[in-house]
Amino acid sequence: MFDSSKIYIIFVVVILSMETLFLIIGILLMIGCVFVSFYPIAPAALLSYVAMWILDANNIIFISKNTLLFWAIATLIVLLNFYMTNVVQNQPHKATKGLSYIIIGALAGCFTGMTISASGITIGTSIGAIMGSVIYCRTPQGKATKLMSFNHIMYLADKGLPTIVAISILGIIINNLLLLSTL
């Protein structure tokens with residue numbers, strides 16, 4: 001027969017392994033988000049939001065309900081944009097020129113913003129994405145997208161907004177994981 005101490009030990013091992021499993025799933029979704037950002041086959045914001053939700057729901061990180069709601073709405077806007085572009089207008093997200101500039105700028109801005117504050121993550125990501133698009137417009141490949149023209153603003157809205165949402169959510173997750181590791 002089992003005594004109560006053995007049952008308790010088995011219960012603790014199962015709980016710890018489930019927490020570890022959800023942490024691994026969250027990290028894989030975060031890595032997938034970065035990959036999908038460079039190759040827009042699906043909205044990266046969805047992967048990052050699902051990672052944030054899974055990690056919060058399993059008490060690995062702690063995100064306020066207002067923050068979850070805000071990023072859910074932002075993710076829905078990105079999904080609607082993705083749907084409207086791919087399905088309704090039948091223009092798949094194949095244009096990836098300049099996307100790497102926007103993503104690298106957003107990542108640099110995100111990590112810079114992390115050193116300032118939690119709200120600095122989103123602000124830094126936004127500034128980084130805009131700066132990445134400005135740098136792209138100054139390259140020979142980006143000359144057609146004239147800086148501050150209608151085409152540039154539309155390109156930034158189509159490619160920059162999903163990147164800003166996805167990378168900002170990733171920054172919030174990483175910031176919370178780093179805060180937990182210092183406790």
# chains A, B, ... in the order shown; residues from 1 in each chain; ligands from 1

$ residues_around --residues "A:Met131" --least-positions-apart "4" --cutoff "10 Å" --atoms "only C-alpha atoms" --output "number ranges by chain"
A: 101-102, 104-106, 109, 125-127, 135-137

$ write_last_selection --atoms "N, CA and C atoms" --output "JSON list (two decimals), in the first residue's frame"
[["chain", "number", "residue", "atom", "x", "y", "z"],
["A", 101, "TYR", "N", 14.92, 44.45, -41.07],
["A", 101, "TYR", "CA", 15.33, 45.73, -40.47],
["A", 101, "TYR", "C", 14.35, 46.12, -39.36],
["A", 102, "ILE", "N", 13.06, 45.96, -39.63],
["A", 102, "ILE", "CA", 12.04, 46.32, -38.65],
["A", 102, "ILE", "C", 12.14, 45.41, -37.43],
["A", 104, "ILE", "N", 14.76, 43.55, -36.31],
["A", 104, "ILE", "CA", 15.99, 43.77, -35.55],
["A", 104, "ILE", "C", 15.92, 45.09, -34.79],
["A", 105, "GLY", "N", 15.36, 46.12, -35.43],
["A", 105, "GLY", "CA", 15.18, 47.39, -34.73],
["A", 105, "GLY", "C", 14.23, 47.26, -33.56],
["A", 106, "ALA", "N", 13.14, 46.50, -33.75],
["A", 106, "ALA", "CA", 12.18, 46.29, -32.67],
["A", 106, "ALA", "C", 12.80, 45.51, -31.51],
["A", 109, "GLY", "N", 15.16, 47.84, -29.70],
["A", 109, "GLY", "CA", 14.38, 48.79, -28.91],
["A", 109, "GLY", "C", 13.74, 48.14, -27.70],
["A", 125, "THR", "N", 10.23, 49.24, -28.33],
["A", 125, "THR", "CA", 9.93, 48.39, -29.48],
["A", 125, "THR", "C", 9.37, 49.21, -30.63],
["A", 126, "SER", "N", 8.49, 50.14, -30.33],
["A", 126, "SER", "CA", 7.89, 50.98, -31.37],
["A", 126, "SER", "C", 8.95, 51.87, -32.03],
["A", 127, "ILE", "N", 9.76, 52.51, -31.21],
["A", 127, "ILE", "CA", 10.81, 53.38, -31.76],
["A", 127, "ILE", "C", 11.80, 52.55, -32.57],
["A", 135, "ILE", "N", 15.87, 53.00, -41.61],
["A", 135, "ILE", "CA", 17.15, 52.49, -42.12],
["A", 135, "ILE", "C", 16.93, 51.72, -43.41],
["A", 136, "TYR", "N", 15.86, 50.92, -43.48],
["A", 136, "TYR", "CA", 15.56, 50.17, -44.71],
["A", 136, "TYR", "C", 15.30, 51.12, -45.88],
["A", 137, "CYS", "N", 14.58, 52.21, -45.62],
["A", 137, "CYS", "CA", 14.28, 53.16, -46.69],
["A", 137, "CYS", "C", 15.53, 53.84, -47.24]]

$ residues_around --residues "A:Gly32" --least-positions-apart "5" --cutoff "12 Å" --atoms "only C-alpha atoms" --output "list in words"
Ile25, Gly26, Ile27, Ser37, Phe38, Tyr39, Pro40, Ile41, Ala42, Pro43, Ala44, Ala45, Leu46, Leu47, Ser48, Tyr49, Val50, Ala51, Ala166, Ile167 and Leu170 of chain A

$ write_last_selection --atoms "N, CA, C and O atoms" --output "compact mmCIF listing (two decimals), in the first residue's frame"
# COMPACT_ATOMS: atom_id res chain seq x y z
N ILE A 25 6.83 24.82 -23.19
CA ILE A 25 5.88 25.17 -24.26
C ILE A 25 5.90 26.68 -24.49
O ILE A 25 5.93 27.14 -25.64
N GLY A 26 5.91 27.46 -23.42
CA GLY A 26 5.95 28.91 -23.56
C GLY A 26 7.21 29.38 -24.25
O GLY A 26 7.17 30.26 -25.13
N ILE A 27 8.35 28.80 -23.89
CA ILE A 27 9.62 29.19 -24.52
C ILE A 27 9.64 28.79 -25.99
O ILE A 27 10.11 29.54 -26.84
N SER A 37 8.11 35.81 -37.24
CA SER A 37 8.24 37.23 -37.54
C SER A 37 9.05 37.45 -38.81
O SER A 37 8.72 38.32 -39.63
N PHE A 38 10.10 36.67 -39.00
CA PHE A 38 10.93 36.81 -40.19
C PHE A 38 10.28 36.19 -41.42
O PHE A 38 10.53 36.64 -42.53
N TYR A 39 9.47 35.17 -41.24
CA TYR A 39 8.78 34.51 -42.33
C TYR A 39 7.29 34.52 -42.04
O TYR A 39 6.77 33.59 -41.43
N PRO A 40 6.59 35.57 -42.44
CA PRO A 40 5.20 35.77 -42.00
C PRO A 40 4.21 34.79 -42.62
O PRO A 40 3.42 35.13 -43.49
N ILE A 41 4.25 33.55 -42.16
CA ILE A 41 3.28 32.56 -42.61
C ILE A 41 2.04 32.57 -41.74
O ILE A 41 1.00 32.06 -42.12
N ALA A 42 2.17 33.13 -40.55
CA ALA A 42 1.07 33.27 -39.60
C ALA A 42 1.40 34.48 -38.72
O ALA A 42 2.55 34.90 -38.65
N PRO A 43 0.40 35.04 -38.07
CA PRO A 43 0.68 36.19 -37.22
C PRO A 43 1.53 35.81 -35.99
O PRO A 43 1.12 34.97 -35.19
N ALA A 44 2.70 36.40 -35.89
CA ALA A 44 3.59 36.11 -34.77
C ALA A 44 2.99 36.59 -33.45
O ALA A 44 3.28 36.03 -32.40
N ALA A 45 2.16 37.62 -33.52
CA ALA A 45 1.55 38.15 -32.30
C ALA A 45 0.68 37.10 -31.62
O ALA A 45 0.60 37.05 -30.39
N LEU A 46 0.05 36.24 -32.41
CA LEU A 46 -0.78 35.19 -31.83
C LEU A 46 0.07 34.21 -31.02
O LEU A 46 -0.29 33.83 -29.92
N LEU A 47 1.22 33.83 -31.57
CA LEU A 47 2.11 32.91 -30.85
C LEU A 47 2.62 33.53 -29.56
O LEU A 47 2.64 32.88 -28.51
N SER A 48 3.00 34.81 -29.62
CA SER A 48 3.52 35.44 -28.41
C SER A 48 2.42 35.64 -27.37
O SER A 48 2.66 35.48 -26.17
N TYR A 49 1.19 35.95 -27.82
CA TYR A 49 0.10 36.11 -26.86
C TYR A 49 -0.26 34.77 -26.22
O TYR A 49 -0.50 34.71 -25.02
N VAL A 50 -0.29 33.72 -27.00
CA VAL A 50 -0.59 32.39 -26.44
C VAL A 50 0.49 32.00 -25.44
O VAL A 50 0.19 31.44 -24.37
N ALA A 51 1.75 32.32 -25.74
CA ALA A 51 2.84 32.04 -24.78
C ALA A 51 2.62 32.82 -23.49
O ALA A 51 2.76 32.26 -22.39
N ALA A 166 4.01 41.71 -31.42
CA ALA A 166 4.65 40.43 -31.10
C ALA A 166 5.89 40.62 -30.23
O ALA A 166 6.06 39.93 -29.21
N ILE A 167 6.76 41.54 -30.60
CA ILE A 167 8.01 41.74 -29.86
C ILE A 167 7.75 42.38 -28.50
O ILE A 167 8.42 42.06 -27.52
N LEU A 170 6.69 39.61 -26.27
CA LEU A 170 7.88 38.83 -25.92
C LEU A 170 8.70 39.55 -24.86
O LEU A 170 9.20 38.92 -23.92

$ atom_distance --atom1 "atom CA of A:Thr163" --atom2 "atom CA of A:Asn58"
25.8 Å

$ select_by_dssp --residues "chain A" --states "helix (DSSP H, G or I)" --output "MDAnalysis selection string"
chainID A and resid 4:38 44:57 65:88 99:114 118:137 150:182

$ closest_residue --among "A:Ser100, A:Asn59, A:Asn175, A:Thr75" --to "A:Ile116" --atoms "only C-alpha atoms"
A:Asn175

$ closest_residue --among "A:Ser17, A:Asn81, A:Asn66, A:Asn176" --to "A:Gly160" --atoms "only C-alpha atoms"
A:Asn81

$ closest_residue --among "A:Ile169, A:Ile63, A:Leu55, A:Val134" --to "A:Ile153" --atoms "only C-alpha atoms"
A:Val134

$ atom_distance --atom1 "atom CA of A:Thr112" --atom2 "atom CA of A:Gly171"
10.2 Å

$ atom_distance --atom1 "atom CA of A:Cys110" --atom2 "atom CA of A:Tyr155"
20.5 Å

$ closest_residue --among "A:Ile54, A:Gly128, A:Asn86, A:Arg138" --to "A:Phe111" --atoms "only C-alpha atoms"
A:Gly128
